[in-house]
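What follows is a set of notes on a single structure, which appears directly below.
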Amino acid sequence: MNSKLPDAEVLISQLAKEMKPYVSANTGLIGIHTGGVWVASRIHKILGISLPLGEIDVSFYRDDYSKRGLNHTVRPSSISFDVENKEIILIDDVLNSGRTARAAINEVFDHGRPNRVLLGILLDRGERQLPIRANFTAKNISVEKHKKISLEQKNDGLLTFSIRTENEKNEPTAR
Amino acid sequence: MRKMNPQLDRHGHLHHFLTTEYLPKDILLHILNVAESFLPVNKREVKKVPLLRGKTVFNLFFEASTRTRTTFEIAAKRLSADVINVNISTSAQVKGESLLDTVSNLSAMHADMFVVRHAESGAPFLIAKHAAPHIHVINAGDGSHAHPTQALLDMYTIRHFKKKFEGLQVAIVGDVKNSRVARSQIHALNILGVNEIRVIAPKTLLPIAVEKLGVSVYHDMEQGLKDADVVIMLRLQKERMKGIYLPSSQEFYNTYGLTPSKLSAAKSDVIVMHPGPINRGVEIDSFVADGNSSVILPQVTFGIAVRMAVMSILTGQSK
Amino acid sequence: MKIQVKGGRVLDPASGTDSIQDVFVSDGSIIGFANSPDGFIADRLIDASGLIVCPGLVDVSVRLGEPGKEYTATLEKELNAAVASGVTTMACPPDTTPCLDEPGLVKMLRNRATALDAAKILPLGALTKSLQGRNLAEMVELSRAGCVAFSQGDGILPEPAVLRKAMEYASTFGFSVWLRPQENSLGSMGVAHEGEVSSRLGLTGVPVLAETVAVSVILMLAKETEANVHLCRLSSAAAVNLVRNAKKESVKVTADISVNNLHLSEVDIGFFDTNYRVTPPLRGVRDRAGLRDGLVDDSVDLICSNHVPVTYDDKNLPFAEAVPGSSSVELLLPMVLRWAEQEKIPLIKALQKITSNPRRVLGLPDQKIEIGEKTDLCIFDPDLPWVVDQTSILSDGKNTPFINSEVVGRNIYTIIDGKILFEDSNRAER
């Protein structure tokens, strides 16, 4: 099944290339946990962005919290630069409903008021539930609704996509 | 036969937070992990997340405590909850409605969470048993029984500075007998797997059969503090400073007060904790309280994040 | 009324009888045993096959709610509950409101009970005025009014000087002194056994020491004053040992325990379950074993229910604020049977603890199942299981640690003064 999925490493290079003209000294890159942070850290390096990489976990802003509770793998958000008046580019691995992006935008605004917020993604599944559009998209893909695509990091550091049927629950993990 | 843990729902999720006793280790670790994520929120420009938006948290303080109430209030407000403080002095309650009537009334006002402080051990359990099923109860200190959020912020502090629990020697000094904080700490430390928990106090300030809680007993500071990684000083209540528990606060300080010289028996990287408020010159010397080993102020900061974590884990699991 | 009790297993601890026989009762007296008396025609034939026929049960500690606590229970309900459970005679502690230190009050209580035509009530009089442990109560007057012994109930134990005088005075007239041994200064603040559980739960403990110190003092005084002393509700193995030794030295002392302490221990409190808030507190499992040893070698003479009806509201409080006590009179028989079963005690010996022994301690004449005796009868099914719940409990107090659990052994008929005052309709119709 994995053979049908695109090569994540190739998509990252494409996305970086697409973003390059928009990057300046005022650009702050923020990855969305977990896959988005991996992608963002690659792009951060490729494009040589000067502001430190930001990471956010949108668990505290999700709109399904009261139904599904807190994600068991919630991690601290960390944006070590001041977002005030910056050109923010949010990075995620997959864009689908748009709800994660919405939560991420809200969280960014709780850190300050940026000049502009853009969104870059590797895969767009297209099943939008909110009026949200990515500014940079490496690839569009169509997958059955109940399948979940996620990015995984192999031991050698390479990123690959995997696909599984939903409802396999995340177990609590101790850290 | 052990009765079912009343804090957990039938799926094993935390529904109330009443005591650290018998809680699975992964629940305690989850609380600490979530608290870690809340820590940066408290430093941001907007110190609020929308998790508890539209929820109503009642602070039910049957025993006055501005300090603890404030930390819960801040925690709830940073989660965007509406917070109502209800101060019910026990004497007024005797004259008026019963504890459970008070609770029923507030339930009818569509409360989502009760944070309960009560002078009697077990009172939050009673409230949890009788509150509407959607309501979550947090024990903010009951009698001499438990103060689980305080214990967890202490666990957070230990993990923050020591990175792990395994292998640690933790010494708890002072009035263990009357301390709800000590009981909750002892249970949590045992669950999280430290190497040894020592209690150091005269026999009058130790509960009977204290070793059954999983601690080793010391009556001498030098011996008890030897090679300790963590020293937790407990607050000595004024009414116990002289009388049948102790002859005087001065004698207590000379024997069990934490001074730089006594602390020198501990490891060089020891951390010193205190749940506050501190009695300087009774439990602890100012040189220690304000010194390099002291982590008393970080404890306060972590306290808010831990309480945010507990609140958000509880409400997030209601259906 | 002539009653023939047919085919039951007659178990009579007082006479030692254990055999399947018919019993013939006429006008309250047993007029035939095994063989029908000449010309006996029963007005009522009770089929007791598979049942045990024994003398009516005697419970030495039943609180009836009256006088003063009618909101918790009423005489009618509690007597009804007792009779339905096979209890035909009961002693009532004096710690009522007001307490039983007035002969008039005692007469009133007895008159109320007699009018109800139910179980027999034997009031214990107050040992000291208002149970305050300072001045002696009018023991002779109270005795004339019907008090069978003198006690502080669950009130405070007087200081040695007062206790000594009280014992001397009581022994002058041959009255027994019933005391629940607990040294106030060690135990009065406690709400649970001082031990592992009270330490865990942060509850103020009642140390075993509170009991042993009191028992020691009482035994010394009993020896000195030669008073008859009955120690109520022992809870610790150490106290049983003290009584055992005193009995060897021929001190005139007897002792009882409650069904709660017989079966439960501190761990049963769980997370502050106030149904387990009882007096004396539930102690450790070793203490429970010590109490059981005491029953076997007769250091402990008898078992009582220690029945205290408490309202729902008075139990729905934080553990320390909840009113102590359990509604237990209906559990006396099943709990004694459970103990006999667990410890392989012969039934006749077990029944001694709730029939002949309490009669002896109360100073009552034996009731034997023999011709010519005026004996109340309890006819029970030793194997019948039933669930203790809100509806099966007849007492106004639904507060029992055994609530919602299954017990085995149920009274089917109660015959008092030759009248069938209770019959289990389910069984009777069978």
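Following the order of the structure tokens, first chain is A, next is B, and so on, with residues numbered from 1 inside each chain and ligands from 1 in the order they appear.
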
Would you list which chain C residues are within 6 Å of chain B using only C-alpha atoms, as a ChimeraX atom specification? /C:195-196,199,201-202,272,318

How about saving the chosen residues, N, CA and C atoms kept, as a compact mmCIF listing (two decimals), in the first residue's frame?
# COMPACT_ATOMS: atom_id res chain seq x y z
N GLY C 195 -4.19 2.83 63.26
CA GLY C 195 -3.40 1.80 62.60
C GLY C 195 -3.11 2.23 61.18
N GLU C 196 -2.77 1.26 60.38
CA GLU C 196 -2.35 1.53 59.01
C GLU C 196 -3.40 2.33 58.23
N SER C 199 -3.85 5.93 59.43
CA SER C 199 -2.68 6.70 58.99
C SER C 199 -2.78 7.06 57.52
N LEU C 201 -5.56 7.27 55.68
CA LEU C 201 -6.70 8.13 55.37
C LEU C 201 -6.66 9.46 56.13
N GLY C 202 -5.68 9.60 57.02
CA GLY C 202 -5.62 10.85 57.78
C GLY C 202 -6.79 11.01 58.73
N PHE C 272 -13.40 5.88 52.98
CA PHE C 272 -14.27 6.67 53.85
C PHE C 272 -15.74 6.24 53.83
N PRO C 318 -18.85 13.79 56.01
CA PRO C 318 -17.46 13.34 56.06
C PRO C 318 -17.29 12.33 57.20

Which residues come within 6 Å of Ser405 of chain C, counting only C-alpha atoms, excluding same-chain residues fewer than 2 positions away, as a ChimeraX atom specification? /C:387-388,402-403

May I have the residues within 9 Å of segment 251-261 of chain C as a ChimeraX atom specification, using only C-alpha atoms and disregarding those fewer than 2 positions away in the same chain? /C:60-61,219,222-223,226-236,240,243,245-249,263-265,276,278,280-283,287-288,291,295,299-307,326,328,331-332,335-336,353,358,361,401

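Closest to Ile149 of chain A among A:Lys4, A:Arg113, A:Arg75, A:Arg99 is A:Lys4, based on only C-alpha atoms.
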
Counting only C-alpha atoms, the option among A:His111, A:Lys17, A:His33, A:Lys147 closest to chain B: A:His111

What's the 7 Å shell around Gly35 of chain A, counting only C-alpha atoms, without same-chain residues fewer than 5 positions away, as a list in words? Asp92, Asp93 and Leu151 of chain A

Create the file for the chosen residues now, containing N, CA and C atoms and written as an mmCIF file, in the first residue's frame.
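The resulting file, out36.cif, is reproduced below:
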data_model
loop_
_atom_site.group_PDB
_atom_site.id
_atom_site.type_symbol
_atom_site.label_atom_id
_atom_site.label_comp_id
_atom_site.auth_asym_id
_atom_site.auth_seq_id
_atom_site.Cartn_x
_atom_site.Cartn_y
_atom_site.Cartn_z
ATOM 1 N N ASP A 92 2.795 21.989 7.921
ATOM 2 C CA ASP A 92 2.243 20.716 8.396
ATOM 3 C C ASP A 92 2.471 19.669 7.327
ATOM 4 N N ASP A 93 2.344 18.401 7.732
ATOM 5 C CA ASP A 93 2.582 17.340 6.739
ATOM 6 C C ASP A 93 1.372 17.157 5.822
ATOM 7 N N LEU A 151 2.964 10.988 8.699
ATOM 8 C CA LEU A 151 4.383 10.968 8.392
ATOM 9 C C LEU A 151 5.107 10.218 9.507
#

According to DSSP computed on the backbone, where in segment 128-274 of chain B is there strand (DSSP E)? Give the residues as an NGL selection string. :B and (136-142 or 169-173 or 196-200 or 216-218 or 230-233 or 271-273)

Just the selected residues (N, CA and C atoms), exported as a compact mmCIF listing (two decimals), in the first residue's frame, please.
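Written out: part_36.txt:
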# COMPACT_ATOMS: atom_id res chain seq x y z
N HIS B 136 -16.72 16.98 37.70
CA HIS B 136 -15.42 16.47 38.14
C HIS B 136 -15.05 17.14 39.44
N VAL B 137 -14.48 16.36 40.35
CA VAL B 137 -14.09 16.91 41.65
C VAL B 137 -12.57 16.82 41.78
N ILE B 138 -11.98 17.95 42.17
CA ILE B 138 -10.55 17.96 42.47
C ILE B 138 -10.38 18.23 43.96
N ASN B 139 -9.60 17.40 44.59
CA ASN B 139 -9.32 17.57 46.01
C ASN B 139 -8.20 18.60 46.17
N ALA B 140 -8.55 19.73 46.79
CA ALA B 140 -7.54 20.77 47.02
C ALA B 140 -7.06 20.71 48.46
N GLY B 141 -7.19 19.54 49.07
CA GLY B 141 -6.73 19.35 50.45
C GLY B 141 -7.88 18.97 51.35
N ASP B 142 -7.82 17.75 51.92
CA ASP B 142 -8.87 17.32 52.86
C ASP B 142 -8.24 16.82 54.15
N GLN B 169 17.00 9.39 46.38
CA GLN B 169 16.72 9.31 47.82
C GLN B 169 15.97 10.59 48.18
N VAL B 170 14.75 10.45 48.65
CA VAL B 170 13.94 11.62 48.99
C VAL B 170 13.68 11.63 50.49
N ALA B 171 14.01 12.74 51.14
CA ALA B 171 13.76 12.87 52.58
C ALA B 171 12.63 13.86 52.81
N ILE B 172 11.66 13.43 53.62
CA ILE B 172 10.54 14.32 53.98
C ILE B 172 10.67 14.60 55.47
N VAL B 173 10.75 15.88 55.82
CA VAL B 173 11.09 16.25 57.20
C VAL B 173 9.96 17.02 57.87
N GLU B 196 14.29 5.47 47.50
CA GLU B 196 13.96 5.40 48.93
C GLU B 196 13.27 6.69 49.36
N ILE B 197 12.24 6.53 50.17
CA ILE B 197 11.59 7.69 50.79
C ILE B 197 11.88 7.61 52.27
N ARG B 198 12.45 8.67 52.81
CA ARG B 198 12.73 8.69 54.24
C ARG B 198 11.85 9.75 54.89
N VAL B 199 11.29 9.41 56.02
CA VAL B 199 10.63 10.45 56.81
C VAL B 199 11.50 10.71 58.03
N ILE B 200 11.68 11.99 58.33
CA ILE B 200 12.53 12.36 59.47
C ILE B 200 11.70 13.23 60.41
N SER B 216 11.09 4.71 54.95
CA SER B 216 11.96 4.35 56.07
C SER B 216 11.95 5.49 57.07
N VAL B 217 12.03 5.14 58.34
CA VAL B 217 11.85 6.12 59.40
C VAL B 217 13.20 6.51 60.01
N TYR B 218 13.41 7.81 60.10
CA TYR B 218 14.61 8.35 60.76
C TYR B 218 14.18 9.36 61.81
N VAL B 230 16.80 14.80 47.29
CA VAL B 230 15.69 15.74 47.43
C VAL B 230 15.33 15.83 48.91
N VAL B 231 15.17 17.06 49.41
CA VAL B 231 14.69 17.24 50.78
C VAL B 231 13.41 18.05 50.74
N ILE B 232 12.36 17.47 51.29
CA ILE B 232 11.07 18.17 51.35
C ILE B 232 10.81 18.55 52.80
N MET B 233 10.71 19.83 53.06
CA MET B 233 10.39 20.29 54.40
C MET B 233 8.88 20.50 54.50
N ILE B 271 18.18 19.18 46.01
CA ILE B 271 17.21 20.27 45.91
C ILE B 271 16.36 20.27 47.18
N VAL B 272 15.98 21.47 47.62
CA VAL B 272 15.19 21.63 48.83
C VAL B 272 13.82 22.20 48.46
N MET B 273 12.79 21.51 48.91
CA MET B 273 11.42 21.92 48.57
C MET B 273 10.62 22.20 49.84

Applying 12 Å and only C-alpha atoms, which residues near Ser293 of chain B remain after dropping the ones on its own chain fewer than 6 positions away? List them as a list of chain:residue names. B:Phe161, B:Asp229, B:Val230, B:Val231, B:Ile232, B:Leu258, B:Thr259, B:Pro260, B:Leu263, B:Ser264, B:Ala266, B:Lys267, B:Ser268, B:Asp269, B:Val270, B:Ile271, B:Val272, B:Met273, B:His274, B:Ser286, B:Phe287

Go ahead and save the picked residues with N, CA and C atoms, as a JSON list (two decimals), in the first residue's frame.
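Okay, this is what ended up in part.json:
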[["chain", "number", "residue", "atom", "x", "y", "z"],
["B", 161, "PHE", "N", 14.14, 18.98, 37.88],
["B", 161, "PHE", "CA", 15.53, 19.20, 38.29],
["B", 161, "PHE", "C", 16.36, 17.92, 38.25],
["B", 229, "ASP", "N", 18.92, 13.18, 47.62],
["B", 229, "ASP", "CA", 18.85, 13.96, 46.39],
["B", 229, "ASP", "C", 17.82, 15.07, 46.50],
["B", 230, "VAL", "N", 16.80, 14.80, 47.29],
["B", 230, "VAL", "CA", 15.69, 15.74, 47.43],
["B", 230, "VAL", "C", 15.33, 15.83, 48.91],
["B", 231, "VAL", "N", 15.17, 17.06, 49.41],
["B", 231, "VAL", "CA", 14.69, 17.24, 50.78],
["B", 231, "VAL", "C", 13.41, 18.05, 50.74],
["B", 232, "ILE", "N", 12.36, 17.47, 51.29],
["B", 232, "ILE", "CA", 11.07, 18.17, 51.35],
["B", 232, "ILE", "C", 10.81, 18.55, 52.80],
["B", 258, "LEU", "N", 16.05, 22.85, 59.04],
["B", 258, "LEU", "CA", 17.04, 22.62, 57.98],
["B", 258, "LEU", "C", 18.01, 23.80, 57.92],
["B", 259, "THR", "N", 19.21, 23.54, 58.38],
["B", 259, "THR", "CA", 20.26, 24.56, 58.37],
["B", 259, "THR", "C", 21.32, 24.15, 57.35],
["B", 260, "PRO", "N", 22.14, 25.09, 56.91],
["B", 260, "PRO", "CA", 23.19, 24.73, 55.94],
["B", 260, "PRO", "C", 24.06, 23.57, 56.45],
["B", 263, "LEU", "N", 22.20, 20.34, 56.10],
["B", 263, "LEU", "CA", 22.02, 20.02, 54.68],
["B", 263, "LEU", "C", 23.31, 19.50, 54.04],
["B", 264, "SER", "N", 24.44, 19.78, 54.65],
["B", 264, "SER", "CA", 25.70, 19.35, 54.05],
["B", 264, "SER", "C", 25.84, 17.83, 54.02],
["B", 266, "ALA", "N", 23.62, 15.96, 52.80],
["B", 266, "ALA", "CA", 22.95, 15.52, 51.57],
["B", 266, "ALA", "C", 23.91, 15.61, 50.39],
["B", 267, "LYS", "N", 23.46, 15.12, 49.23],
["B", 267, "LYS", "CA", 24.30, 15.21, 48.03],
["B", 267, "LYS", "C", 24.53, 16.68, 47.68],
["B", 268, "SER", "N", 25.61, 16.95, 46.95],
["B", 268, "SER", "CA", 25.95, 18.35, 46.67],
["B", 268, "SER", "C", 24.91, 19.00, 45.75],
["B", 269, "ASP", "N", 24.26, 18.19, 44.92],
["B", 269, "ASP", "CA", 23.25, 18.78, 44.01],
["B", 269, "ASP", "C", 21.83, 18.59, 44.56],
["B", 270, "VAL", "N", 21.71, 18.50, 45.86],
["B", 270, "VAL", "CA", 20.39, 18.30, 46.48],
["B", 270, "VAL", "C", 19.47, 19.47, 46.15],
["B", 271, "ILE", "N", 18.18, 19.18, 46.01],
["B", 271, "ILE", "CA", 17.21, 20.27, 45.91],
["B", 271, "ILE", "C", 16.36, 20.27, 47.18],
["B", 272, "VAL", "N", 15.98, 21.47, 47.62],
["B", 272, "VAL", "CA", 15.19, 21.63, 48.83],
["B", 272, "VAL", "C", 13.82, 22.20, 48.46],
["B", 273, "MET", "N", 12.79, 21.51, 48.91],
["B", 273, "MET", "CA", 11.42, 21.92, 48.57],
["B", 273, "MET", "C", 10.62, 22.20, 49.84],
["B", 274, "HIS", "N", 9.56, 22.97, 49.68],
["B", 274, "HIS", "CA", 8.67, 23.29, 50.80],
["B", 274, "HIS", "C", 7.33, 23.67, 50.19],
["B", 286, "SER", "N", 16.83, 30.68, 56.74],
["B", 286, "SER", "CA", 16.70, 31.54, 55.56],
["B", 286, "SER", "C", 17.83, 31.31, 54.56],
["B", 287, "PHE", "N", 19.01, 30.96, 55.06],
["B", 287, "PHE", "CA", 20.12, 30.70, 54.13],
["B", 287, "PHE", "C", 19.81, 29.52, 53.23]]

Between atom CA of Val288 of chain B and atom CA of Thr70 of chain B - distance in Å to one decimal: 26.3 Å

Residues within 7 Å of segment 393-398 of chain C, please, as a PyMOL selection string. Count only C-alpha atoms; anything in the same chain fewer than 3 positions from it doesn't count. chain C and resi 72-73+77-78+81+309-311+327+388-390

Give me the residues within 8 Å of Phe136 of chain A as a PyMOL selection string, counting only C-alpha atoms and dropping any in the same chain fewer than 5 places off. chain A and resi 15+18-19+119-121

How would the residues just picked look written out with C-alpha atoms as an mmCIF file, in the first residue's frame?
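So the final result, stored in result_9.cif, reads:
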data_model
loop_
_atom_site.group_PDB
_atom_site.id
_atom_site.type_symbol
_atom_site.label_atom_id
_atom_site.label_comp_id
_atom_site.auth_asym_id
_atom_site.auth_seq_id
_atom_site.Cartn_x
_atom_site.Cartn_y
_atom_site.Cartn_z
ATOM 1 C CA LEU A 15 7.904 22.453 -0.968
ATOM 2 C CA GLU A 18 8.123 26.624 -3.837
ATOM 3 C CA MET A 19 8.545 28.587 -0.618
ATOM 4 C CA LEU A 119 0.618 27.790 5.271
ATOM 5 C CA GLY A 120 2.842 25.198 3.643
ATOM 6 C CA ILE A 121 2.021 21.485 3.410
#

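Across the structure, atom CA of Ile354 of chain C and atom CA of Ile379 of chain C are spaced 14.0 Å apart.
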
Please report as an mmCIF file with N, CA and C atoms, in the first residue's frame which residues of chain A come no farther than 9 Å from chain B, using only C-alpha atoms.
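Once everything was written out, this is result_9.cif:
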data_model
loop_
_atom_site.group_PDB
_atom_site.id
_atom_site.type_symbol
_atom_site.label_atom_id
_atom_site.label_comp_id
_atom_site.auth_asym_id
_atom_site.auth_seq_id
_atom_site.Cartn_x
_atom_site.Cartn_y
_atom_site.Cartn_z
ATOM 1 N N ASP A 57 2.179 22.569 19.343
ATOM 2 C CA ASP A 57 1.276 21.431 19.493
ATOM 3 C C ASP A 57 -0.097 22.033 19.715
ATOM 4 N N SER A 59 -2.865 20.807 20.585
ATOM 5 C CA SER A 59 -3.802 20.073 21.459
ATOM 6 C C SER A 59 -4.702 20.998 22.277
ATOM 7 N N PHE A 60 -4.123 22.106 22.760
ATOM 8 C CA PHE A 60 -4.895 22.994 23.626
ATOM 9 C C PHE A 60 -5.887 23.860 22.845
ATOM 10 N N TYR A 61 -5.838 23.783 21.522
ATOM 11 C CA TYR A 61 -6.722 24.622 20.705
ATOM 12 C C TYR A 61 -7.672 23.800 19.844
ATOM 13 N N ARG A 62 -7.608 22.502 19.996
ATOM 14 C CA ARG A 62 -8.429 21.654 19.131
ATOM 15 C C ARG A 62 -9.901 21.823 19.460
ATOM 16 N N ASP A 63 -10.751 21.721 18.415
ATOM 17 C CA ASP A 63 -12.190 21.905 18.654
ATOM 18 C C ASP A 63 -12.867 20.589 19.031
ATOM 19 N N TYR A 65 -11.708 18.692 21.540
ATOM 20 C CA TYR A 65 -11.205 18.360 22.879
ATOM 21 C C TYR A 65 -12.295 17.809 23.788
ATOM 22 N N SER A 66 -13.472 18.466 23.751
ATOM 23 C CA SER A 66 -14.508 18.025 24.694
ATOM 24 C C SER A 66 -15.050 16.650 24.319
ATOM 25 N N LYS A 67 -14.844 16.252 23.059
ATOM 26 C CA LYS A 67 -15.291 14.907 22.654
ATOM 27 C C LYS A 67 -14.199 13.870 22.875
ATOM 28 N N ARG A 68 -12.988 14.247 22.514
ATOM 29 C CA ARG A 68 -11.922 13.235 22.503
ATOM 30 C C ARG A 68 -10.889 13.410 23.602
ATOM 31 N N GLY A 69 -11.002 14.506 24.330
ATOM 32 C CA GLY A 69 -10.049 14.705 25.413
ATOM 33 C C GLY A 69 -8.716 15.178 24.909
ATOM 34 N N LEU A 70 -7.795 15.199 25.839
ATOM 35 C CA LEU A 70 -6.474 15.714 25.535
ATOM 36 C C LEU A 70 -5.652 14.618 24.889
ATOM 37 N N HIS A 72 -2.822 12.223 24.202
ATOM 38 C CA HIS A 72 -1.899 11.651 25.177
ATOM 39 C C HIS A 72 -0.441 11.972 24.891
ATOM 40 N N THR A 73 -0.178 12.435 23.674
ATOM 41 C CA THR A 73 1.227 12.710 23.362
ATOM 42 C C THR A 73 1.474 14.217 23.252
ATOM 43 N N VAL A 74 0.657 14.990 23.961
ATOM 44 C CA VAL A 74 0.808 16.447 23.886
ATOM 45 C C VAL A 74 2.213 16.878 24.312
ATOM 46 N N ARG A 75 2.772 17.822 23.541
ATOM 47 C CA ARG A 75 4.131 18.312 23.837
ATOM 48 C C ARG A 75 4.094 19.827 23.967
ATOM 49 N N PRO A 76 5.080 20.385 24.631
ATOM 50 C CA PRO A 76 5.073 21.848 24.781
ATOM 51 C C PRO A 76 5.237 22.541 23.426
ATOM 52 N N SER A 77 4.532 23.651 23.254
ATOM 53 C CA SER A 77 4.794 24.511 22.104
ATOM 54 C C SER A 77 6.003 25.355 22.448
ATOM 55 N N SER A 78 6.798 25.656 21.444
ATOM 56 C CA SER A 78 7.943 26.513 21.746
ATOM 57 C C SER A 78 8.234 27.407 20.553
ATOM 58 N N GLU A 107 -3.387 29.665 17.920
ATOM 59 C CA GLU A 107 -2.303 29.625 18.896
ATOM 60 C C GLU A 107 -1.242 30.670 18.574
ATOM 61 N N PHE A 109 -1.591 33.501 17.238
ATOM 62 C CA PHE A 109 -2.047 34.827 17.634
ATOM 63 C C PHE A 109 -2.001 35.041 19.148
ATOM 64 N N ASP A 110 -1.998 33.943 19.906
ATOM 65 C CA ASP A 110 -1.853 34.097 21.354
ATOM 66 C C ASP A 110 -0.407 34.385 21.744
ATOM 67 N N HIS A 111 0.508 34.268 20.751
ATOM 68 C CA HIS A 111 1.899 34.627 21.019
ATOM 69 C C HIS A 111 2.181 36.063 20.606
ATOM 70 N N GLY A 112 1.297 36.660 19.830
ATOM 71 C CA GLY A 112 1.511 38.029 19.369
ATOM 72 C C GLY A 112 0.791 38.250 18.042
ATOM 73 N N PRO A 172 -1.782 5.645 25.689
ATOM 74 C CA PRO A 172 -1.015 6.622 26.469
ATOM 75 C C PRO A 172 0.470 6.244 26.493
ATOM 76 N N THR A 173 1.299 7.213 26.289
ATOM 77 C CA THR A 173 2.722 6.912 26.321
ATOM 78 C C THR A 173 3.401 7.707 27.406
ATOM 79 N N ALA A 174 4.239 7.033 28.130
ATOM 80 C CA ALA A 174 5.015 7.714 29.165
ATOM 81 C C ALA A 174 6.268 8.277 28.522
ATOM 82 N N ARG A 175 6.668 9.423 28.970
ATOM 83 C CA ARG A 175 7.858 9.988 28.412
ATOM 84 C C ARG A 175 8.897 10.196 29.501
#

Backbone-only DSSP, helix (DSSP H, G or I) members of chain A, as a PyMOL selection string: chain A and resi 2-4+8-22+35-46+58-61+65-68+99-109

Let me see the file: selected residues, C-alpha atoms, as a PDB file, in the first residue's frame.
ATOM      1  CA  ASN A   2       2.852   2.315   0.837  1.00  0.00           C
ATOM      2  CA  SER A   3       3.969   2.099  -2.754  1.00  0.00           C
ATOM      3  CA  LYS A   4       0.997   4.276  -3.772  1.00  0.00           C
ATOM      4  CA  ALA A   8       8.051  12.436   1.450  1.00  0.00           C
ATOM      5  CA  GLU A   9      11.689  13.367   0.930  1.00  0.00           C
ATOM      6  CA  VAL A  10      10.997  14.409  -2.651  1.00  0.00           C
ATOM      7  CA  LEU A  11       7.967  16.437  -1.582  1.00  0.00           C
ATOM      8  CA  ILE A  12      10.012  18.290   1.044  1.00  0.00           C
ATOM      9  CA  SER A  13      12.476  19.488  -1.589  1.00  0.00           C
ATOM     10  CA  GLN A  14       9.592  20.592  -3.800  1.00  0.00           C
ATOM     11  CA  LEU A  15       7.904  22.453  -0.968  1.00  0.00           C
ATOM     12  CA  ALA A  16      11.162  24.216  -0.031  1.00  0.00           C
ATOM     13  CA  LYS A  17      11.649  25.255  -3.636  1.00  0.00           C
ATOM     14  CA  GLU A  18       8.123  26.624  -3.837  1.00  0.00           C
ATOM     15  CA  MET A  19       8.545  28.587  -0.618  1.00  0.00           C
ATOM     16  CA  LYS A  20      11.963  29.992  -1.345  1.00  0.00           C
ATOM     17  CA  PRO A  21      10.853  33.235  -3.117  1.00  0.00           C
ATOM     18  CA  TYR A  22       8.714  34.154  -0.105  1.00  0.00           C
ATOM     19  CA  GLY A  35       4.947  15.536  11.293  1.00  0.00           C
ATOM     20  CA  GLY A  36       4.941  19.252  10.597  1.00  0.00           C
ATOM     21  CA  VAL A  37       7.892  19.829  12.901  1.00  0.00           C
ATOM     22  CA  TRP A  38       9.997  17.240  11.048  1.00  0.00           C
ATOM     23  CA  VAL A  39       9.169  18.841   7.711  1.00  0.00           C
ATOM     24  CA  ALA A  40       9.717  22.367   9.026  1.00  0.00           C
ATOM     25  CA  SER A  41      13.115  21.519  10.482  1.00  0.00           C
ATOM     26  CA  ARG A  42      14.258  20.211   7.060  1.00  0.00           C
ATOM     27  CA  ILE A  43      12.989  23.263   5.266  1.00  0.00           C
ATOM     28  CA  HIS A  44      14.460  25.504   7.949  1.00  0.00           C
ATOM     29  CA  LYS A  45      17.841  24.046   7.133  1.00  0.00           C
ATOM     30  CA  ILE A  46      17.409  23.939   3.346  1.00  0.00           C
ATOM     31  CA  VAL A  58      -2.306  22.452  18.855  1.00  0.00           C
ATOM     32  CA  SER A  59      -3.802  20.073  21.459  1.00  0.00           C
ATOM     33  CA  PHE A  60      -4.895  22.994  23.626  1.00  0.00           C
ATOM     34  CA  TYR A  61      -6.722  24.622  20.705  1.00  0.00           C
ATOM     35  CA  TYR A  65     -11.205  18.360  22.879  1.00  0.00           C
ATOM     36  CA  SER A  66     -14.508  18.025  24.694  1.00  0.00           C
ATOM     37  CA  LYS A  67     -15.291  14.907  22.654  1.00  0.00           C
ATOM     38  CA  ARG A  68     -11.922  13.235  22.503  1.00  0.00           C
ATOM     39  CA  ARG A  99      -9.164  22.207  11.666  1.00  0.00           C
ATOM     40  CA  THR A 100      -5.553  21.721  12.739  1.00  0.00           C
ATOM     41  CA  ALA A 101      -4.506  24.750  10.702  1.00  0.00           C
ATOM     42  CA  ARG A 102      -7.296  26.780  12.303  1.00  0.00           C
ATOM     43  CA  ALA A 103      -6.103  25.769  15.783  1.00  0.00           C
ATOM     44  CA  ALA A 104      -2.508  26.577  14.850  1.00  0.00           C
ATOM     45  CA  ILE A 105      -3.421  30.061  13.595  1.00  0.00           C
ATOM     46  CA  ASN A 106      -5.264  30.732  16.867  1.00  0.00           C
ATOM     47  CA  GLU A 107      -2.303  29.625  18.896  1.00  0.00           C
ATOM     48  CA  VAL A 108       0.105  31.800  16.887  1.00  0.00           C
ATOM     49  CA  PHE A 109      -2.047  34.827  17.634  1.00  0.00           C
TER      50      PHE A 109
END

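Relative to atom CA of Ala81 of chain B, atom CA of Asn115 of chain A is found at 29.8 Å.
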